[in-house]
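What follows is the content of start20.tsv, which has TSV, C-alpha atoms:
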```tsv
chain	number	residue	atom	x	y	z
A	4	MET	CA	109.30	48.54	96.71
A	5	ALA	CA	110.40	44.93	96.49
A	6	GLU	CA	109.71	44.88	92.78
A	7	HIS	CA	112.56	47.34	92.27
A	8	ALA	CA	115.17	45.03	93.75
A	9	LEU	CA	118.07	46.23	91.57
A	10	ILE	CA	117.37	49.90	92.25
A	11	GLU	CA	116.98	49.28	95.98
A	12	LYS	CA	120.27	47.37	96.04
A	13	TYR	CA	122.01	50.23	94.23
A	14	LEU	CA	120.57	52.79	96.68
A	15	ASP	CA	121.67	50.66	99.63
A	16	GLU	CA	125.21	50.57	98.25
A	17	LEU	CA	125.22	54.32	97.68
A	18	ARG	CA	123.78	54.95	101.16
A	19	HIS	CA	126.52	52.79	102.66
A	20	MET	CA	129.24	54.66	100.78
A	21	LEU	CA	127.87	58.02	101.80
A	22	ARG	CA	127.09	56.96	105.38
A	23	ARG	CA	129.44	59.54	106.92
A	24	SER	CA	128.15	62.41	104.83
A	25	ALA	CA	125.83	64.85	106.55
A	26	GLU	CA	123.85	65.06	103.33
A	27	ALA	CA	123.53	61.33	102.69
A	28	ASP	CA	119.74	61.20	103.14
A	29	ASP	CA	119.14	64.06	100.71
A	30	ILE	CA	121.57	62.67	98.14
A	31	VAL	CA	120.05	59.19	98.27
A	32	ALA	CA	116.51	60.63	98.03
A	33	GLU	CA	117.52	62.65	94.99
A	34	VAL	CA	119.21	59.70	93.31
A	35	ALA	CA	116.19	57.50	94.11
A	36	ASP	CA	113.89	60.03	92.45
A	37	HIS	CA	116.10	59.99	89.35
A	38	LEU	CA	116.31	56.21	89.13
A	39	PHE	CA	112.59	55.58	89.67
A	40	GLU	CA	111.72	58.31	87.17
A	41	GLY	CA	114.03	56.65	84.66
A	42	VAL	CA	112.47	53.24	85.19
A	43	PHE	CA	108.98	54.75	84.89
A	44	ARG	CA	109.84	56.39	81.52
A	45	ARG	CA	111.39	53.21	80.15
A	46	ARG	CA	108.43	51.14	81.27
A	47	GLU	CA	106.18	53.56	79.37
A	48	GLN	CA	108.27	52.80	76.28
A	49	GLY	CA	107.47	49.12	76.75
A	50	LEU	CA	110.64	47.82	78.40
A	51	ALA	CA	110.39	44.99	80.91
A	52	LEU	CA	111.05	46.01	84.51
A	53	LEU	CA	114.40	44.26	84.83
A	54	VAL	CA	115.63	45.62	81.49
A	55	ALA	CA	114.45	49.12	82.44
A	56	GLU	CA	116.24	48.98	85.79
A	57	ARG	CA	119.48	47.72	84.25
A	58	SER	CA	119.35	50.43	81.60
A	59	VAL	CA	118.79	53.20	84.17
A	60	LEU	CA	121.57	51.98	86.45
A	61	THR	CA	124.04	51.64	83.58
A	62	GLU	CA	123.41	55.21	82.50
A	63	PHE	CA	123.61	56.53	86.04
A	64	GLY	CA	127.04	55.07	86.71
A	65	ASP	CA	128.78	52.85	89.23
A	66	PRO	CA	127.85	53.74	92.85
A	67	ILE	CA	131.54	53.87	93.73
A	68	LEU	CA	132.23	56.50	91.09
A	69	VAL	CA	129.09	58.42	91.98
A	70	SER	CA	129.89	58.48	95.69
A	71	ARG	CA	133.46	59.54	94.91
A	72	ALA	CA	132.15	62.36	92.78
A	73	PHE	CA	129.94	63.46	95.66
A	74	ALA	CA	132.69	63.36	98.23
A	75	SER	CA	136.14	64.41	97.14
A	76	SER	CA	137.38	63.04	100.43
A	77	LYS	CA	136.54	59.72	101.96
A	78	HIS	CA	134.16	60.86	104.67
A	79	GLY	CA	134.22	64.62	104.59
A	80	GLY	CA	130.93	65.27	102.90
A	81	ILE	CA	130.88	67.30	99.76
A	82	ALA	CA	134.07	69.30	99.70
A	83	VAL	CA	133.55	72.68	98.09
A	84	PRO	CA	136.70	74.72	97.66
A	85	THR	CA	135.71	78.36	97.23
A	86	THR	CA	137.54	81.68	97.08
A	87	PHE	CA	136.81	81.87	100.83
A	88	THR	CA	138.54	78.56	101.57
A	89	LYS	CA	141.44	79.53	99.31
A	90	LYS	CA	141.88	82.78	101.25
A	91	ALA	CA	141.65	80.77	104.47
A	92	GLY	CA	144.52	78.62	103.16
A	93	LEU	CA	146.57	81.74	102.47
A	94	LEU	CA	145.89	82.97	106.01
A	95	GLY	CA	147.10	79.59	107.26
A	96	ILE	CA	150.36	80.01	105.35
A	97	ILE	CA	150.84	83.52	106.79
A	98	SER	CA	150.01	82.14	110.23
A	99	ALA	CA	152.77	79.53	109.86
A	100	VAL	CA	155.28	82.21	108.87
A	101	LEU	CA	154.25	84.30	111.88
A	102	TYR	CA	154.64	81.31	114.20
A	103	VAL	CA	158.19	80.82	112.89
A	104	GLY	CA	158.94	84.54	113.32
A	105	ALA	CA	157.46	84.57	116.81
A	106	THR	CA	159.48	81.53	117.82
A	107	ILE	CA	162.73	83.05	116.53
A	108	ALA	CA	161.92	86.27	118.40
A	109	MET	CA	161.25	84.19	121.53
A	110	ILE	CA	164.66	82.51	121.20
A	111	VAL	CA	166.44	85.83	120.67
A	112	ASP	CA	164.57	87.38	123.59
A	113	ASN	CA	165.61	84.47	125.77
A	114	ALA	CA	169.23	85.03	124.79
A	115	VAL	CA	169.41	88.82	125.14
A	116	ASN	CA	166.73	89.65	127.67
A	117	ARG	CA	168.27	87.95	130.70
A	118	THR	CA	166.28	90.06	133.15
A	119	GLY	CA	162.95	88.96	131.69
A	120	ASP	CA	162.00	92.55	130.90
A	121	TRP	CA	158.43	92.66	129.54
A	122	ASP	CA	159.24	95.77	127.51
A	123	GLY	CA	161.94	94.00	125.53
A	124	VAL	CA	161.64	94.49	121.76
A	125	TYR	CA	161.97	90.81	120.91
A	126	TYR	CA	159.62	89.87	123.70
A	127	ASN	CA	156.91	92.11	122.24
A	128	ILE	CA	157.59	90.98	118.68
A	129	SER	CA	157.20	87.43	119.88
A	130	ILE	CA	153.94	88.08	121.79
A	131	TYR	CA	152.19	90.03	119.05
A	132	SER	CA	153.33	87.59	116.37
A	133	PHE	CA	151.93	84.69	118.40
A	134	ILE	CA	148.60	86.51	118.75
A	135	GLY	CA	148.46	87.31	115.03
A	136	ALA	CA	149.45	83.77	114.10
A	137	GLY	CA	146.80	82.33	116.40
A	138	LEU	CA	144.03	84.53	114.99
A	139	LEU	CA	145.00	83.71	111.41
A	140	LEU	CA	145.09	80.02	112.29
A	141	THR	CA	141.56	80.35	113.68
A	142	ALA	CA	140.42	81.93	110.41
A	143	MET	CA	141.99	79.05	108.47
A	144	VAL	CA	140.09	76.50	110.55
A	145	VAL	CA	136.84	78.40	109.96
A	146	GLY	CA	137.58	78.13	106.22
A	147	LEU	CA	138.26	74.43	106.58
A	148	ASN	CA	134.85	73.96	108.19
A	149	ARG	CA	133.19	75.99	105.45
A	150	ARG	CA	134.84	73.72	102.85
A	151	HIS	CA	132.72	70.84	104.20
A	152	GLY	CA	129.61	72.73	105.26
A	153	GLY	CA	130.15	71.66	108.87
A	154	ALA	CA	130.25	67.98	107.93
A	155	ILE	CA	133.55	67.33	109.69
A	156	GLY	CA	131.76	66.98	113.02
A	157	TRP	CA	131.62	68.68	116.39
A	158	ARG	CA	135.38	68.50	116.92
A	159	GLY	CA	135.99	70.36	113.67
A	160	ARG	CA	133.40	72.97	114.64
A	161	ALA	CA	134.72	73.34	118.21
A	162	ALA	CA	138.38	73.66	117.19
A	163	PRO	CA	138.23	77.30	116.00
A	164	TYR	CA	136.69	78.43	119.30
A	165	VAL	CA	139.42	76.77	121.35
A	166	LEU	CA	142.20	77.90	119.00
A	167	GLY	CA	140.73	81.43	119.05
A	168	ALA	CA	140.83	81.37	122.85
A	169	ALA	CA	144.43	80.15	122.66
A	170	ALA	CA	145.28	83.08	120.39
A	171	ILE	CA	143.88	85.54	122.92
A	172	THR	CA	145.67	83.91	125.85
A	173	SER	CA	148.96	84.06	123.98
A	174	LEU	CA	148.86	87.73	124.97
A	175	GLY	CA	150.06	86.30	128.26
A	176	VAL	CA	152.64	84.07	126.59
A	177	TRP	CA	154.49	84.22	129.89
A	178	PHE	CA	151.64	82.14	131.32
A	179	TRP	CA	152.72	79.19	129.28
A	180	GLY	CA	150.40	76.67	130.94
A	181	ILE	CA	147.04	78.15	129.85
A	182	TRP	CA	148.20	79.09	126.35
A	183	MET	CA	149.73	75.70	125.66
A	184	SER	CA	146.80	73.81	127.21
A	185	LEU	CA	144.33	75.56	124.91
A	186	LEU	CA	146.62	75.12	121.91
A	187	VAL	CA	146.95	71.40	122.66
A	188	VAL	CA	143.19	70.91	123.12
A	189	GLY	CA	142.31	72.92	119.99
A	190	THR	CA	144.87	71.06	117.92
A	191	VAL	CA	143.78	67.65	119.17
A	192	LEU	CA	140.17	68.51	118.26
A	193	LEU	CA	141.15	69.70	114.80
A	194	VAL	CA	143.61	66.98	113.90
A	195	THR	CA	141.41	64.10	115.11
A	196	ALA	CA	138.51	65.55	113.08
A	197	LEU	CA	140.76	65.79	110.01
A	198	ARG	CA	142.03	62.25	110.41
A	199	GLU	CA	138.57	60.82	110.97
A	200	HIS	CA	137.43	62.32	107.69
A	201	GLY	CA	140.65	61.62	105.80
A	202	LEU	CA	141.35	65.31	105.12
A	203	ALA	CA	144.59	67.24	104.65
A	204	PRO	CA	148.08	65.75	104.29
A	205	LEU	CA	148.84	63.20	107.01
A	206	TRP	CA	152.28	64.69	107.76
A	207	ALA	CA	150.79	68.14	108.35
A	208	GLY	CA	148.29	66.84	110.89
A	209	ALA	CA	151.01	64.82	112.63
A	210	ALA	CA	153.37	67.81	112.82
A	211	MET	CA	150.59	70.09	114.02
A	212	LEU	CA	149.70	67.65	116.79
A	213	ALA	CA	153.25	66.77	117.85
A	214	GLY	CA	154.32	70.43	118.02
A	215	PRO	CA	152.17	71.74	120.86
A	216	LEU	CA	152.51	68.47	122.76
A	217	LEU	CA	156.28	68.92	122.70
A	218	ALA	CA	155.97	72.59	123.62
A	219	TYR	CA	153.60	71.65	126.44
A	220	ALA	CA	156.07	69.03	127.65
A	221	ALA	CA	158.67	71.80	127.87
A	222	MET	CA	156.88	72.91	131.04
A	223	TRP	CA	157.74	69.65	132.72
A	224	THR	CA	161.45	69.44	131.94
A	225	PRO	CA	163.83	69.38	134.92
A	226	GLN	CA	164.93	72.93	134.17
A	227	ALA	CA	161.35	74.23	134.18
A	228	MET	CA	160.10	72.16	137.12
A	229	PRO	CA	161.60	74.33	139.88
A	230	ASN	CA	159.58	77.21	138.51
A	231	LEU	CA	156.40	75.19	138.83
A	232	ASN	CA	157.07	74.88	142.53
A	233	GLY	CA	157.80	78.57	142.86
A	234	GLN	CA	155.84	81.62	141.98
A	235	SER	CA	156.02	81.47	138.22
A	236	PHE	CA	153.94	78.39	137.38
A	237	GLY	CA	156.06	77.13	134.51
A	238	ASP	CA	156.58	80.54	132.97
A	239	ASP	CA	160.03	79.58	131.79
A	240	PRO	CA	159.81	76.35	129.83
A	241	THR	CA	162.98	74.95	128.37
A	242	ILE	CA	163.38	77.23	125.41
A	243	TRP	CA	164.76	74.70	122.94
A	244	PHE	CA	162.09	72.13	123.69
A	245	ALA	CA	159.41	74.77	123.29
A	246	SER	CA	160.93	76.19	120.13
A	247	VAL	CA	161.19	72.86	118.35
A	248	GLY	CA	157.57	72.17	119.29
A	249	LEU	CA	156.38	75.52	117.96
A	250	LEU	CA	158.35	75.14	114.72
A	251	LEU	CA	156.84	71.69	114.20
A	252	PHE	CA	153.42	73.20	114.81
A	253	ALA	CA	154.16	75.94	112.26
A	254	ALA	CA	155.16	73.31	109.69
A	255	GLY	CA	151.85	71.52	110.23
A	256	VAL	CA	149.85	74.74	109.92
A	257	TYR	CA	151.73	75.53	106.71
A	258	GLY	CA	150.95	72.07	105.31
A	259	ILE	CA	147.23	72.44	105.89
A	260	GLY	CA	147.15	76.04	104.69
A	261	HIS	CA	149.06	75.13	101.55
A	262	TRP	CA	146.69	72.21	100.87
A	263	LEU	CA	143.67	74.54	101.13
A	264	TYR	CA	145.33	77.30	99.12
A	265	LEU	CA	146.22	75.09	96.16
A	266	GLU	CA	142.61	74.07	95.47
A	267	THR	CA	140.73	75.60	92.58
A	268	PRO	CA	137.74	77.62	93.83
A	269	VAL	CA	134.44	76.74	92.22
A	270	ASP	CA	132.96	80.23	92.64
A	271	GLU	CA	135.64	82.18	90.83
A	272	PRO	CA	134.11	83.31	87.52
A	273	SER	CA	137.25	82.33	85.61
A	274	ASN	CA	137.00	78.84	87.10
A	275	LEU	CA	133.29	78.37	86.66
A	276	LEU	CA	133.95	76.22	83.65
A	277	ASN	CA	136.18	73.84	85.56
A	278	VAL	CA	134.36	70.62	86.39
B	21	MET	CA	130.75	63.42	72.96
B	22	ARG	CA	132.17	61.60	75.98
B	23	GLY	CA	132.32	63.00	79.49
B	24	GLN	CA	136.01	63.83	79.18
B	25	ALA	CA	135.32	66.13	76.24
B	26	LEU	CA	132.66	67.90	78.30
B	27	LYS	CA	135.15	68.57	81.08
B	28	GLY	CA	135.33	72.27	81.61
B	29	HIS	CA	131.91	73.06	80.21
B	30	LEU	CA	129.43	71.18	82.36
B	31	ASP	CA	128.86	74.00	84.86
B	32	LEU	CA	127.99	76.46	82.10
B	33	LEU	CA	125.68	73.96	80.42
B	34	LEU	CA	123.86	73.19	83.66
B	35	LEU	CA	123.37	76.86	84.48
B	36	ALA	CA	122.06	77.53	80.97
B	37	ILE	CA	119.55	74.70	81.19
B	38	ILE	CA	118.24	75.70	84.62
B	39	ALA	CA	118.12	79.39	83.65
B	40	ASP	CA	115.17	78.74	81.35
B	41	SER	CA	113.02	77.23	84.09
B	42	PRO	CA	113.51	75.44	87.42
B	43	LYS	CA	114.22	71.75	86.87
B	44	HIS	CA	114.88	68.59	88.86
B	45	GLY	CA	117.98	66.51	88.14
B	46	TYR	CA	116.35	64.06	85.76
B	47	ALA	CA	114.86	66.89	83.70
B	48	VAL	CA	118.21	68.69	83.59
B	49	ILE	CA	119.94	65.61	82.20
B	50	GLU	CA	117.12	64.95	79.75
B	51	GLU	CA	117.28	68.56	78.53
B	52	LEU	CA	121.07	68.34	78.20
B	53	ARG	CA	120.68	65.27	76.04
B	54	THR	CA	117.83	66.72	73.95
B	55	ARG	CA	119.42	70.10	73.30
B	56	SER	CA	122.72	68.50	72.32
B	57	GLU	CA	120.81	66.10	70.05
B	58	GLU	CA	122.19	63.16	72.03
B	59	SER	CA	125.76	64.39	71.52
B	60	PHE	CA	126.50	64.95	75.20
B	61	ASP	CA	126.72	61.56	76.78
B	62	LEU	CA	128.14	61.34	80.27
B	63	PRO	CA	127.42	59.18	83.35
B	64	GLU	CA	124.23	60.73	84.70
B	65	GLY	CA	125.37	60.24	88.28
B	66	THR	CA	128.16	62.78	87.81
B	67	VAL	CA	125.69	65.56	87.05
B	68	TYR	CA	124.30	65.59	90.60
B	69	PRO	CA	127.61	66.36	92.34
B	70	ALA	CA	128.03	69.22	89.84
B	71	LEU	CA	124.55	70.54	90.71
B	72	HIS	CA	125.36	70.32	94.43
B	73	ARG	CA	128.67	72.10	93.87
B	74	LEU	CA	126.94	74.91	91.97
B	75	GLN	CA	124.43	75.22	94.79
B	76	LYS	CA	127.18	75.41	97.41
B	77	ALA	CA	128.88	78.05	95.33
B	78	GLY	CA	125.69	80.12	95.40
B	79	PHE	CA	124.81	79.84	91.72
B	80	LEU	CA	121.80	77.59	92.34
B	81	THR	CA	119.24	77.11	95.04
B	82	SER	CA	116.89	74.17	95.45
B	83	GLU	CA	113.44	73.28	96.75
B	84	TRP	CA	112.03	69.93	97.82
B	85	SER	CA	108.59	68.68	96.87
B	86	GLU	CA	106.81	65.33	96.83
B	87	VAL	CA	105.95	63.65	93.54
B	88	GLN	CA	104.36	60.21	93.34
B	89	GLY	CA	105.41	59.50	96.91
B	90	ARG	CA	109.03	60.40	96.23
B	91	ARG	CA	111.03	63.40	97.46
B	92	ARG	CA	112.06	65.55	94.52
B	93	ARG	CA	114.63	68.34	94.51
B	94	THR	CA	114.15	71.13	92.01
B	95	TYR	CA	116.97	73.52	91.16
B	96	LEU	CA	116.58	77.23	90.48
B	97	LEU	CA	119.14	79.78	89.32
B	98	THR	CA	120.03	82.48	91.85
B	99	LYS	CA	120.75	86.12	91.03
B	100	HIS	CA	124.43	85.30	91.41
B	101	GLY	CA	123.95	82.37	89.04
B	102	HIS	CA	122.25	84.55	86.42
B	103	ALA	CA	125.14	87.02	86.58
B	104	ALA	CA	127.72	84.24	86.29
B	105	LEU	CA	125.87	82.65	83.39
B	106	SER	CA	125.66	85.95	81.54
B	107	GLU	CA	129.37	86.55	82.04
B	108	GLN	CA	130.30	83.03	80.97
B	109	ARG	CA	128.05	83.15	77.91
B	110	GLN	CA	129.84	86.27	76.76
B	111	SER	CA	133.24	84.66	77.37
B	112	TRP	CA	132.13	81.58	75.47
B	113	ASP	CA	130.85	83.67	72.53
B	114	GLU	CA	134.17	85.49	72.31
B	115	PHE	CA	136.12	82.26	72.61
B	116	SER	CA	134.05	80.33	70.07
B	117	SER	CA	134.05	83.14	67.50
B	118	ALA	CA	137.82	83.50	67.86
B	119	MET	CA	138.21	79.73	67.43
B	120	GLY	CA	135.92	79.87	64.41
B	121	ARG	CA	137.98	82.60	62.79
B	122	VAL	CA	141.20	80.67	63.33
B	123	LEU	CA	139.83	77.33	62.18
B	124	LYS	CA	138.18	78.82	59.12
B	125	GLY	CA	141.62	79.97	57.96
B	126	ALA	CA	142.71	83.20	56.32
B	127	PRO	CA	141.67	83.90	52.70
B	128	TRP	CA	144.22	82.69	50.17
B	129	PRO	CA	146.83	84.08	49.53
B	130	SER	CA	147.22	84.98	53.18
B	131	THR	CA	150.71	86.47	52.96
B	132	PRO	CA	152.11	89.02	50.54
```
So that I can check it, write out the structure of this file as structure tokens.
Amino acid sequence: MAEHALIEKYLDELRHMLRRSAEADDIVAEVADHLFEGVFRRREQGLALLVAERSVLTEFGDPILVSRAFASSKHGGIAVPTTFTKKAGLLGIISAVLYVGATIAMIVDNAVNRTGDWDGVYYNISIYSFIGAGLLLTAMVVGLNRRHGGAIGWRGRAAPYVLGAAAITSLGVWFWGIWMSLLVVGTVLLVTALREHGLAPLWAGAAMLAGPLLAYAAMWTPQAMPNLNGQSFGDDPTIWFASVGLLLFAAGVYGIGHWLYLETPVDEPSNLLNV
Amino acid sequence: MRGQALKGHLDLLLLAIIADSPKHGYAVIEELRTRSEESFDLPEGTVYPALHRLQKAGFLTSEWSEVQGRRRRTYLLTKHGHAALSEQRQSWDEFSSAMGRVLKGAPWPSTP
């Protein structure tokens, strides 16, 4: 359609701006239909082609503004905050609180339960809080994916499976290596997907990523190393290292949950009028 | 009326227009302009993200067809959309009649 040079140029610009959106082809096809229909109607009214094209494009709006309206984030597709994603944000906040509680219980257990008794009250509080926190975190990540209709890529979609597995393995929190490995992998998947698409506060992603890496490193401290050579396979990481890492992680989870929770859902009847 | 003044009402207007019959984007915008007697004037490109948002929220669904060699997306109201529109129409009626009563003013003398 070389005769529609202005329209084609506009569509190329829009296509370029939406290039990371999973729905780019459909959006551009729909916009093309609108623009060509507009030109056709104006031509019927007797306007010259160039005048008709300019008129249609002026009324449609700048491609930058249009692409921004389509994607509330730079590359994350069409972000649709719903009551589901808001609830997911709330679950993320609760998850963060549970991670803090579990970490405090872990510290107390370490201080009072010198014999490493698995029936210790604080030990069990810690374990079950970690499991609950992990499951709620998984739900939050599912909500995050739903917000973008899966457009945040395979890492975003894989993250909840790995984080869910980490939540289950935290039942054996004593087996620090597997739990932390899964938590690190799941977090790396999630945070890199978020950064690639420019989603969520930067500090929250950084804290979420740094936390488990620090906690994982706790396995390799001089105090923990002898255990790695013995029968316990790093079961006793340096508690302060691990705790700081987990608290950092909790802060990151809170940041992302809070960001999701604060959005106005589009499917809440009272908010239907909000554009 | 500029786009800013329409803020807060576009979703309801779009649902009302599509409720009458399934429409593609261009027809929706044309109908919006006609029914408002050219009063509602906003960048047309901003209507499409709103349509997509309403579809993601479950108020609309869409179908693709081919017209004059072009792909065309037509929007239809879902059952959920009909319910939401009905609810919002009622809210709007209550709101606008209350506004009307206030703006009209009380009969003089209004106080003893």
Set out as a Markdown table a contact list for chain B and chain A with a cut-off of 6 Å, giving each residue of chain B that qualifies its closest atom pair and distance in Å to one decimal, counting only C-alpha atoms, ordered by chain and rising residue number.
```
| residue | atom | partner | partner_atom | distance |
| --- | --- | --- | --- | --- |
| B:Lys27 | CA | A:Val278 | CA | 5.7 |
| B:Gly28 | CA | A:Asn277 | CA | 4.3 |
| B:His29 | CA | A:Leu276 | CA | 5.1 |
| B:Asp31 | CA | A:Leu276 | CA | 5.7 |
| B:Tyr46 | CA | A:His37 | CA | 5.4 |
| B:Pro63 | CA | A:Gly64 | CA | 5.3 |
| B:Glu64 | CA | A:Phe63 | CA | 4.5 |
| B:Gly65 | CA | A:Phe63 | CA | 4.7 |
| B:Pro69 | CA | A:Phe73 | CA | 5.0 |
| B:Ala77 | CA | A:Asp270 | CA | 5.4 |
```
Checklist entry - Got a sec: who's within 12 Å of Glu86 in chain B, counting all atoms listed in the file, leaving out chain neighbours fewer than 3 positions off, as a PyMOL selection string? => result (chain A and resi 32-33+36) or (chain B and resi 44+83+89-94)
What lies within 7 Å of range 105-109 of chain B using all atoms listed in the file, ignoring chain neighbours under 3 positions off, as a short mmCIF file (atom, residue, chain, number, x, y, z; two decimals) with C-alpha atoms, keeping the file's coordinate frame?
```cif
data_model
loop_
_atom_site.label_atom_id
_atom_site.label_comp_id
_atom_site.auth_asym_id
_atom_site.auth_seq_id
_atom_site.Cartn_x
_atom_site.Cartn_y
_atom_site.Cartn_z
CA LEU B 32 127.99 76.46 82.10
CA LEU B 35 123.37 76.86 84.48
CA ALA B 36 122.06 77.53 80.97
CA GLY B 101 123.95 82.37 89.04
CA HIS B 102 122.25 84.55 86.42
CA TRP B 112 132.13 81.58 75.47
CA ASP B 113 130.85 83.67 72.53
#
```
Contacts of Leu212 in chain A at 12 Å (only C-alpha atoms; same-chain gap of 4+ positions) as a short mmCIF file (atom, residue, chain, number, x, y, z; two decimals) with C-alpha atoms, in the coordinates of the input:
```cif
data_model
loop_
_atom_site.label_atom_id
_atom_site.label_comp_id
_atom_site.auth_asym_id
_atom_site.auth_seq_id
_atom_site.Cartn_x
_atom_site.Cartn_y
_atom_site.Cartn_z
CA MET A 183 149.73 75.70 125.66
CA LEU A 186 146.62 75.12 121.91
CA VAL A 187 146.95 71.40 122.66
CA VAL A 188 143.19 70.91 123.12
CA GLY A 189 142.31 72.92 119.99
CA THR A 190 144.87 71.06 117.92
CA VAL A 191 143.78 67.65 119.17
CA LEU A 192 140.17 68.51 118.26
CA LEU A 193 141.15 69.70 114.80
CA VAL A 194 143.61 66.98 113.90
CA THR A 195 141.41 64.10 115.11
CA ALA A 196 138.51 65.55 113.08
CA LEU A 197 140.76 65.79 110.01
CA ARG A 198 142.03 62.25 110.41
CA LEU A 205 148.84 63.20 107.01
CA TRP A 206 152.28 64.69 107.76
CA ALA A 207 150.79 68.14 108.35
CA GLY A 208 148.29 66.84 110.89
CA LEU A 216 152.51 68.47 122.76
CA LEU A 217 156.28 68.92 122.70
CA ALA A 218 155.97 72.59 123.62
CA TYR A 219 153.60 71.65 126.44
CA GLY A 248 157.57 72.17 119.29
CA LEU A 249 156.38 75.52 117.96
CA LEU A 250 158.35 75.14 114.72
CA LEU A 251 156.84 71.69 114.20
CA PHE A 252 153.42 73.20 114.81
CA ALA A 253 154.16 75.94 112.26
CA ALA A 254 155.16 73.31 109.69
CA GLY A 255 151.85 71.52 110.23
CA VAL A 256 149.85 74.74 109.92
#
```
Checklist outcome for this item: The distance between CA of Leu71 in chain B and CA of Ala47 in chain B is 12.5 Å
Item to check | Selection: 9 Å around Leu52 in chain B, only C-alpha atoms, excl. self and same-chain fewer than 4 positions, as a ChimeraX atom specification | outcome: /B:33-34,37,47-48,56-58,60-61
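The smallest atom-to-atom distance between Ala103 in chain B and any of B:Ala39, B:Val87, B:Leu30, B:Ala118, using all atoms listed in the file, is found for B:Ala39.
Distance-wise, CA of Asn113 in chain A and CA of Leu139 in chain A end up 25.1 Å apart.
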Checklist entry - Mind pulling up the distance from CA of Thr267 in chain A to CA of Tyr164 in chain A? => result 27.2 Å
Item to check | Close residues, Ala170 in chain A itself excluded, 6 Å, all atoms listed in the file, min 5 positions apart in chain, as a PyMOL selection string | outcome: chain A and resi 134+137-138
